[in-house]
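As provided, data_7.cif (mmCIF, C-alpha atoms) reads as follows.
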data_entry
loop_
_atom_site.label_atom_id
_atom_site.label_comp_id
_atom_site.auth_asym_id
_atom_site.auth_seq_id
_atom_site.Cartn_x
_atom_site.Cartn_y
_atom_site.Cartn_z
CA MET A 886 133.57 286.45 94.51
CA ALA A 887 132.35 285.47 97.94
CA GLN A 888 133.01 281.87 98.82
CA SER A 889 130.22 279.57 99.98
CA PRO A 890 130.54 278.42 103.58
CA SER A 891 132.28 275.11 104.02
CA PRO A 892 130.22 272.12 105.24
CA ALA A 893 131.94 272.45 108.61
CA ASP A 894 130.98 276.13 108.87
CA ALA A 895 127.42 275.38 107.81
CA GLY A 896 127.20 272.59 110.34
CA GLY A 897 128.50 274.89 113.06
CA ALA A 898 125.85 277.47 112.20
CA GLN A 899 123.14 274.81 112.35
CA VAL A 900 124.33 273.61 115.74
CA LYS A 901 124.46 277.20 117.02
CA SER A 902 120.89 277.77 115.83
CA ALA A 903 119.76 274.56 117.57
CA VAL A 904 121.43 275.61 120.83
CA ARG A 905 119.77 279.02 120.68
CA THR A 906 116.39 277.42 120.02
CA VAL A 907 116.70 275.17 123.06
CA GLU A 908 117.93 278.06 125.23
CA LEU A 909 114.94 280.16 124.18
CA LEU A 910 112.47 277.41 124.99
CA GLU A 911 114.11 276.88 128.38
CA TYR A 912 113.95 280.64 129.01
CA PHE A 913 110.20 280.70 128.41
CA ALA A 914 109.63 277.45 130.32
CA GLY A 915 111.25 278.98 133.40
CA ARG A 916 109.37 282.29 133.15
CA PRO A 917 105.60 281.89 132.81
CA GLY A 918 103.67 284.64 131.07
CA MET A 919 104.45 286.87 128.09
CA HIS A 920 107.71 288.75 127.57
CA SER A 921 108.77 291.58 125.26
CA LEU A 922 111.50 291.18 122.67
CA ALA A 923 113.67 293.53 124.74
CA GLU A 924 113.23 291.38 127.86
CA VAL A 925 114.16 288.21 126.01
CA GLN A 926 117.11 289.84 124.27
CA GLU A 927 118.48 291.17 127.57
CA ALA A 928 118.24 287.69 129.12
CA VAL A 929 119.72 285.61 126.29
CA GLY A 930 122.05 288.19 124.72
CA TYR A 931 121.42 287.28 121.07
CA PRO A 932 121.52 289.98 118.36
CA LYS A 933 118.03 291.48 118.21
CA SER A 934 117.54 290.86 114.49
CA SER A 935 118.44 287.16 114.63
CA LEU A 936 116.47 286.74 117.86
CA TYR A 937 113.38 288.22 116.22
CA MET A 938 113.66 285.88 113.22
CA LEU A 939 114.13 282.87 115.48
CA LEU A 940 111.10 283.85 117.58
CA ARG A 941 108.94 284.30 114.48
CA THR A 942 109.99 280.85 113.26
CA LEU A 943 109.10 279.30 116.61
CA VAL A 944 105.75 281.12 116.60
CA ASP A 945 104.97 279.76 113.12
CA LEU A 946 105.81 276.24 114.34
CA GLY A 947 103.75 276.54 117.53
CA TRP A 948 106.63 276.31 120.02
CA VAL A 949 106.26 279.97 121.03
CA GLU A 950 103.06 282.01 121.23
CA THR A 951 102.51 285.74 120.81
CA GLU A 952 99.59 287.99 121.72
CA SER A 953 97.49 290.13 119.37
CA THR A 954 100.08 292.90 118.99
CA GLY A 955 102.81 290.42 118.10
CA THR A 956 105.29 292.12 120.44
CA ARG A 957 105.24 289.79 123.45
CA TYR A 958 106.15 286.10 123.53
CA GLY A 959 105.59 283.05 125.72
CA ILE A 960 105.89 279.27 125.64
CA GLY A 961 103.68 277.55 123.04
CA VAL A 962 101.37 274.57 123.12
CA ARG A 963 103.80 272.25 121.32
CA ALA A 964 106.08 272.39 124.36
CA LEU A 965 103.19 271.00 126.42
CA LEU A 966 102.68 268.18 123.93
CA VAL A 967 106.35 267.17 124.10
CA GLY A 968 106.40 267.38 127.90
CA THR A 969 103.28 265.24 128.16
CA SER A 970 104.81 262.73 125.76
CA TYR A 971 107.89 262.46 127.99
CA ILE A 972 105.81 261.72 131.08
CA ASP A 973 103.46 259.35 129.24
CA GLY A 974 106.40 257.33 127.95
CA ASP A 975 108.47 257.29 131.14
CA GLU A 976 108.87 253.79 132.60
CA VAL A 977 109.30 254.98 136.19
CA VAL A 978 106.11 257.04 136.09
CA ALA A 979 104.21 254.05 134.73
CA ALA A 980 105.73 251.64 137.27
CA ALA A 981 104.99 254.03 140.16
CA LYS A 982 101.33 254.67 139.38
CA ALA A 983 99.80 252.04 141.67
CA THR A 984 102.16 252.89 144.53
CA LEU A 985 101.44 256.62 144.27
CA ASP A 986 97.70 255.92 144.27
CA ARG A 987 98.02 253.72 147.35
CA LEU A 988 100.25 256.21 149.18
CA ALA A 989 97.75 258.98 148.50
CA ASP A 990 94.89 256.82 149.80
CA ASP A 991 96.83 255.77 152.90
CA THR A 992 97.93 259.28 153.88
CA THR A 993 95.10 261.39 152.31
CA GLU A 994 97.83 263.98 151.67
CA THR A 995 99.54 265.36 148.55
CA ILE A 996 102.01 262.96 146.96
CA HIS A 997 104.74 263.88 144.44
CA LEU A 998 107.14 261.92 142.25
CA ALA A 999 110.11 263.95 141.02
CA ARG A 1000 113.41 263.53 139.18
CA LEU A 1001 116.75 265.21 139.81
CA ASP A 1002 117.93 267.41 136.93
CA GLY A 1003 121.21 269.12 137.76
CA ALA A 1004 120.66 271.23 140.87
CA ASP A 1005 116.85 271.07 140.56
CA VAL A 1006 114.03 268.57 140.78
CA ILE A 1007 111.34 268.27 138.12
CA TYR A 1008 107.90 267.01 139.14
CA LEU A 1009 106.69 264.02 137.11
CA ALA A 1010 103.48 263.00 138.88
CA THR A 1011 101.17 264.30 141.60
CA ARG A 1012 98.31 262.90 143.67
CA GLN A 1013 96.29 265.70 145.24
CA SER A 1014 95.39 265.76 148.93
CA GLN A 1015 91.87 264.64 149.76
CA HIS A 1016 91.62 267.68 152.03
CA TYR A 1017 91.81 270.21 149.16
CA LEU A 1018 88.80 271.18 147.10
CA ARG A 1019 90.69 272.89 144.28
CA PRO A 1020 92.66 270.77 141.79
CA PHE A 1021 96.40 271.44 141.88
CA THR A 1022 99.42 269.87 140.23
CA ARG A 1023 103.12 270.57 140.11
CA VAL A 1024 103.75 268.27 137.14
CA GLY A 1025 106.40 269.82 134.92
CA ARG A 1026 107.51 272.37 137.52
CA ARG A 1027 111.17 272.79 138.43
CA LEU A 1028 112.29 273.65 141.96
CA PRO A 1029 115.71 273.89 143.63
CA ALA A 1030 116.75 270.53 145.05
CA HIS A 1031 118.20 272.08 148.21
CA SER A 1032 114.82 273.43 149.38
CA THR A 1033 112.63 270.35 148.82
CA SER A 1034 112.40 267.02 150.63
CA LEU A 1035 112.49 265.29 147.23
CA GLY A 1036 115.69 267.04 146.21
CA LYS A 1037 117.42 266.56 149.54
CA ALA A 1038 116.53 262.86 149.59
CA LEU A 1039 118.19 262.54 146.17
CA LEU A 1040 121.22 264.69 147.02
CA ALA A 1041 121.82 262.51 150.09
CA THR A 1042 122.59 259.59 147.74
CA PHE A 1043 125.57 261.56 146.38
CA SER A 1044 128.88 262.01 148.18
CA ASP A 1045 129.62 265.34 149.86
CA ASP A 1046 132.19 266.15 147.17
CA GLU A 1047 129.67 265.44 144.42
CA VAL A 1048 127.14 267.72 146.11
CA ARG A 1049 129.72 270.52 146.32
CA LYS A 1050 130.43 270.17 142.60
CA LEU A 1051 126.74 270.20 141.77
CA LEU A 1052 125.67 273.19 143.87
CA PRO A 1053 127.07 276.69 144.44
CA ALA A 1054 128.54 277.56 147.83
CA ARG A 1055 125.74 280.09 148.38
CA LEU A 1056 122.19 278.82 147.93
CA GLU A 1057 119.17 280.92 147.02
CA PRO A 1058 116.56 280.65 149.80
CA LEU A 1059 112.87 280.22 148.97
CA THR A 1060 111.75 280.92 152.55
CA GLU A 1061 113.45 282.05 155.74
CA ASN A 1062 113.82 278.37 156.64
CA SER A 1063 115.76 277.39 153.50
CA HIS A 1064 119.43 276.44 153.58
CA THR A 1065 121.60 279.30 152.32
CA THR A 1066 124.99 277.54 152.24
CA VAL A 1067 126.07 274.20 150.84
CA ASP A 1068 127.84 273.47 154.15
CA ALA A 1069 124.54 273.71 156.05
CA LEU A 1070 122.87 271.56 153.41
CA ILE A 1071 125.54 268.87 153.66
CA GLU A 1072 125.09 268.72 157.43
CA ASP A 1073 121.40 268.11 156.77
CA LEU A 1074 122.26 265.43 154.19
CA HIS A 1075 124.28 263.54 156.82
CA ALA A 1076 121.17 263.33 159.02
CA ILE A 1077 119.07 262.24 156.03
CA ARG A 1078 121.45 259.38 155.26
CA GLU A 1079 121.18 258.16 158.85
CA ARG A 1080 117.38 258.22 159.16
CA GLY A 1081 116.68 257.24 155.52
CA TYR A 1082 114.34 260.09 154.54
CA ALA A 1083 114.43 263.87 154.08
CA ILE A 1084 112.39 266.60 155.74
CA ASP A 1085 111.48 269.94 154.19
CA ALA A 1086 110.72 272.01 157.29
CA GLU A 1087 108.86 274.83 155.54
CA GLU A 1088 111.93 275.42 153.38
CA ASN A 1089 109.96 275.56 150.13
CA THR A 1090 106.54 276.79 151.28
CA VAL A 1091 105.75 278.37 154.64
CA GLY A 1092 103.11 276.33 156.46
CA LEU A 1093 103.92 273.11 154.62
CA ARG A 1094 106.11 270.28 155.89
CA CYS A 1095 107.22 267.61 153.44
CA PHE A 1096 108.81 264.18 153.79
CA GLY A 1097 110.79 262.69 150.90
CA ILE A 1098 112.44 259.36 150.19
CA ALA A 1099 114.66 258.28 147.28
CA ILE A 1100 113.87 255.30 145.06
CA PRO A 1101 117.10 253.23 144.97
CA TYR A 1102 116.74 251.53 141.60
CA ARG A 1103 120.01 253.22 140.64
CA THR A 1104 122.93 254.81 142.52
CA PRO A 1105 123.07 257.75 142.96
CA ALA A 1106 119.27 257.86 142.95
CA ARG A 1107 117.46 259.79 140.23
CA ASP A 1108 113.84 259.73 141.42
CA ALA A 1109 112.11 260.29 144.75
CA VAL A 1110 108.62 260.38 146.21
CA SER A 1111 107.29 262.78 148.84
CA CYS A 1112 104.30 263.51 151.04
CA SER A 1113 103.34 267.13 151.86
CA VAL A 1114 101.32 268.04 154.95
CA PRO A 1115 100.19 271.44 156.34
CA VAL A 1116 101.93 271.92 159.67
CA ALA A 1117 98.59 272.73 161.31
CA ARG A 1118 97.46 269.16 160.60
CA LEU A 1119 100.72 267.41 161.50
CA THR A 1120 100.59 265.67 164.88
CA PRO A 1121 103.46 263.42 166.09
CA GLY A 1122 101.33 260.35 165.49
CA ARG A 1123 100.42 261.45 161.97
CA GLU A 1124 104.05 262.19 161.19
CA GLN A 1125 105.03 258.66 162.22
CA MET A 1126 102.27 257.19 160.06
CA ILE A 1127 103.48 259.17 157.04
CA ARG A 1128 107.09 258.07 157.59
CA ASP A 1129 106.01 254.44 157.78
CA ALA A 1130 103.90 254.81 154.64
CA LEU A 1131 106.84 256.33 152.77
CA PHE A 1132 109.17 253.47 153.72
CA GLU A 1133 106.55 250.99 152.53
CA ALA A 1134 106.15 252.95 149.30
CA ARG A 1135 109.92 252.95 148.78
CA ASP A 1136 110.01 249.16 149.12
CA ARG A 1137 107.16 248.74 146.63
CA LEU A 1138 108.77 251.18 144.19
CA THR A 1139 112.10 249.40 144.51
CA MET A 1140 110.40 246.19 143.43
CA ALA A 1141 108.42 247.89 140.66
CA THR A 1142 111.52 249.54 139.17
CA ARG A 1143 114.05 246.72 139.67
CA HIS A 1144 114.09 245.96 135.92
CA LEU A 1145 114.93 249.56 134.90
#
So that I can check it, write out the structure of this file as structure tokens.
Amino acid sequence: MAQSPSPADAGGAQVKSAVRTVELLEYFAGRPGMHSLAEVQEAVGYPKSSLYMLLRTLVDLGWVETESTGTRYGIGVRALLVGTSYIDGDEVVAAAKATLDRLADDTTETIHLARLDGADVIYLATRQSQHYLRPFTRVGRRLPAHSTSLGKALLATFSDDEVRKLLPARLEPLTENSHTTVDALIEDLHAIRERGYAIDAEENTVGLRCFGIAIPYRTPARDAVSCSVPVARLTPGREQMIRDALFEARDRLTMATRHL
């Protein structure tokens, strides 16, 4: 007679199922659009039968969506609800609201608030440039820290050794201006520590220059704010004004988050 699984075995299976669920959701979150079962299976490596059952369960619960044929899958609306709940309940986002509004008014440019998550930054809040007619937001997006002013401002609050442990020796470039080695990045971080803010010199998007500054309510810093400006509109005088506005915003945010 077959023996029933022990509580420990059952618990292990439950934990394994939970890990696979989270990995699937992260897979879809990082790859917009719809994907076939074969694509997903190749990426995650789960047995096809158990992967299919897990996907069907997530579809039934609203965490994953499928199109009319039922053969392609993508992230579901419940993931949006949870993500929105995280941002709505975050104390830093709430404390930064007035400062982000003021910084956007002062500069008339696009303002971002982001948080370091491993080797990436995740965007928590955006104020759109007054020069753009189309609405745009990066909220919820994840980008490599080494190619953004936000990420570099945050990495500069870590020691060189900590940065080397966090990032691979070879970095994936987003543009021809991106750092491709951690050594080059660390040299940049030294300059950032001296001047107090980071510069993304078209390292994330060609034609866009960004200035980022960390919020020092904890050490190493976890959150940063940035201002993005098309290079065609960036004069030396305007650059100085944006730097000054960022330092003022940092001081206000430091006060607003001192209790966190």
Apply the PyMOL selection byres ((chain A and resi 1006) around 10) to the file shown and report the selected residues as a VMD selection string. chain A and resid 998 to 1005 1007 to 1009 1025 to 1033 1035 to 1037 1039 1107 to 1109
Please evaluate the PyMOL selection byres ((chain A and resi 949-960) around 12) against the displayed coordinates and give the resulting residues as an MDAnalysis selection string. chainID A and resid 906:907 909:926 936:937 939:948 961:966
How would you write, as JSON, numbers by chain, the residues chosen by the PyMOL selection byres ((chain A and resi 1066) around 7) on this structure? {"A": [1054, 1055, 1056, 1064, 1065, 1067, 1068, 1069, 1070]}
Just the number, please: distance in Å from CA of Leu1119 in chain A to CA of Leu1093 in chain A, one decimal.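 Going from CA of Leu1119 in chain A over to CA of Leu1093 in chain A covers 9.5 Å.
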Atomic distance CA of Asp1085 in chain A - CA of Glu1057 in chain A, expressed in Å with one decimal: 15.2 Å
Selected residue, from A:Ile1077, A:Leu1131, A:Val967, A:Val977, that lies nearest to Arg1143 in chain A when counting only C-alpha atoms: A:Val977
Contact residues around Thr1090 in chain A with all atoms listed in the file at 10 Å, ignoring same-chain residues under 6 positions, as a PDB file with C-alpha atoms, keeping the file's coordinate frame:
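part.pdb, written as the output of this step:
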ATOM      1  CA  SER A1032     114.820 273.430 149.380  1.00  0.00           C
ATOM      2  CA  THR A1033     112.630 270.350 148.820  1.00  0.00           C
ATOM      3  CA  LEU A1059     112.870 280.220 148.970  1.00  0.00           C
ATOM      4  CA  THR A1060     111.750 280.920 152.550  1.00  0.00           C
ATOM      5  CA  GLU A1061     113.450 282.050 155.740  1.00  0.00           C
ATOM      6  CA  ASN A1062     113.820 278.370 156.640  1.00  0.00           C
ATOM      7  CA  SER A1063     115.760 277.390 153.500  1.00  0.00           C
ATOM      8  CA  PRO A1115     100.190 271.440 156.340  1.00  0.00           C
TER       9      PRO A1115
END
Would you work out the distance separating CA of Thr1139 in chain A from CA of Thr984 in chain A, expressed in Å to one decimal?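 Taking CA of Thr1139 in chain A and CA of Thr984 in chain A, their separation equals 10.5 Å.
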Find, counting all atoms listed in the file, the residue in A:Asp1045, A:Asp1136, A:Glu976, A:Glu1124 that gets nearest to Arg1078 in chain A. A:Asp1045
Best match for closeness to Thr992 in chain A among A:Thr1042, A:Thr1142, A:Thr969, A:Ser1014, counting all atoms listed in the file: A:Ser1014
My structure is short of atoms at range 913-927 of chain A; please model N, CA, C and O atoms there, returning them as a PDB file, keeping the file's coordinate frame.
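Contents of selection32.pdb, freshly written:
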ATOM      1  N   PHE A 913     111.639 280.524 128.258  1.00  0.00           N
ATOM      2  CA  PHE A 913     110.200 280.700 128.410  1.00  0.00           C
ATOM      3  C   PHE A 913     109.612 279.698 129.399  1.00  0.00           C
ATOM      4  O   PHE A 913     108.695 280.032 130.153  1.00  0.00           O
ATOM      5  N   ALA A 914     110.144 278.472 129.402  1.00  0.00           N
ATOM      6  CA  ALA A 914     109.630 277.450 130.320  1.00  0.00           C
ATOM      7  C   ALA A 914     109.854 277.863 131.773  1.00  0.00           C
ATOM      8  O   ALA A 914     109.051 277.538 132.646  1.00  0.00           O
ATOM      9  N   GLY A 915     110.933 278.571 132.038  1.00  0.00           N
ATOM     10  CA  GLY A 915     111.250 278.980 133.400  1.00  0.00           C
ATOM     11  C   GLY A 915     110.645 280.303 133.815  1.00  0.00           C
ATOM     12  O   GLY A 915     110.768 280.716 134.977  1.00  0.00           O
ATOM     13  N   ARG A 916     109.955 280.972 132.861  1.00  0.00           N
ATOM     14  CA  ARG A 916     109.370 282.290 133.150  1.00  0.00           C
ATOM     15  C   ARG A 916     107.972 282.347 132.575  1.00  0.00           C
ATOM     16  O   ARG A 916     107.790 282.792 131.436  1.00  0.00           O
ATOM     17  N   PRO A 917     106.968 281.885 133.318  1.00  0.00           N
ATOM     18  CA  PRO A 917     105.600 281.890 132.810  1.00  0.00           C
ATOM     19  C   PRO A 917     105.148 283.300 132.414  1.00  0.00           C
ATOM     20  O   PRO A 917     105.650 284.296 132.931  1.00  0.00           O
ATOM     21  N   GLY A 918     104.197 283.360 131.504  1.00  0.00           N
ATOM     22  CA  GLY A 918     103.670 284.640 131.070  1.00  0.00           C
ATOM     23  C   GLY A 918     104.292 285.086 129.752  1.00  0.00           C
ATOM     24  O   GLY A 918     105.033 284.349 129.106  1.00  0.00           O
ATOM     25  N   MET A 919     103.979 286.316 129.362  1.00  0.00           N
ATOM     26  CA  MET A 919     104.450 286.870 128.090  1.00  0.00           C
ATOM     27  C   MET A 919     105.574 287.869 128.340  1.00  0.00           C
ATOM     28  O   MET A 919     105.578 288.586 129.340  1.00  0.00           O
ATOM     29  N   HIS A 920     106.523 287.920 127.402  1.00  0.00           N
ATOM     30  CA  HIS A 920     107.710 288.750 127.570  1.00  0.00           C
ATOM     31  C   HIS A 920     108.000 289.517 126.276  1.00  0.00           C
ATOM     32  O   HIS A 920     107.833 288.982 125.178  1.00  0.00           O
ATOM     33  N   SER A 921     108.452 290.762 126.423  1.00  0.00           N
ATOM     34  CA  SER A 921     108.770 291.580 125.260  1.00  0.00           C
ATOM     35  C   SER A 921     110.068 291.110 124.615  1.00  0.00           C
ATOM     36  O   SER A 921     110.883 290.421 125.246  1.00  0.00           O
ATOM     37  N   LEU A 922     110.265 291.514 123.376  1.00  0.00           N
ATOM     38  CA  LEU A 922     111.500 291.180 122.670  1.00  0.00           C
ATOM     39  C   LEU A 922     112.704 291.726 123.430  1.00  0.00           C
ATOM     40  O   LEU A 922     113.741 291.058 123.540  1.00  0.00           O
ATOM     41  N   ALA A 923     112.561 292.930 123.993  1.00  0.00           N
ATOM     42  CA  ALA A 923     113.670 293.530 124.740  1.00  0.00           C
ATOM     43  C   ALA A 923     114.016 292.714 125.978  1.00  0.00           C
ATOM     44  O   ALA A 923     115.195 292.526 126.296  1.00  0.00           O
ATOM     45  N   GLU A 924     112.993 292.214 126.685  1.00  0.00           N
ATOM     46  CA  GLU A 924     113.230 291.380 127.860  1.00  0.00           C
ATOM     47  C   GLU A 924     113.993 290.105 127.493  1.00  0.00           C
ATOM     48  O   GLU A 924     114.953 289.722 128.165  1.00  0.00           O
ATOM     49  N   VAL A 925     113.529 289.467 126.433  1.00  0.00           N
ATOM     50  CA  VAL A 925     114.160 288.210 126.010  1.00  0.00           C
ATOM     51  C   VAL A 925     115.586 288.477 125.557  1.00  0.00           C
ATOM     52  O   VAL A 925     116.510 287.734 125.911  1.00  0.00           O
ATOM     53  N   GLN A 926     115.774 289.532 124.796  1.00  0.00           N
ATOM     54  CA  GLN A 926     117.110 289.840 124.270  1.00  0.00           C
ATOM     55  C   GLN A 926     118.090 290.143 125.396  1.00  0.00           C
ATOM     56  O   GLN A 926     119.245 289.713 125.383  1.00  0.00           O
ATOM     57  N   GLU A 927     117.615 290.854 126.421  1.00  0.00           N
ATOM     58  CA  GLU A 927     118.480 291.170 127.570  1.00  0.00           C
ATOM     59  C   GLU A 927     118.882 289.893 128.305  1.00  0.00           C
ATOM     60  O   GLU A 927     120.008 289.773 128.781  1.00  0.00           O
TER      61      GLU A 927
END
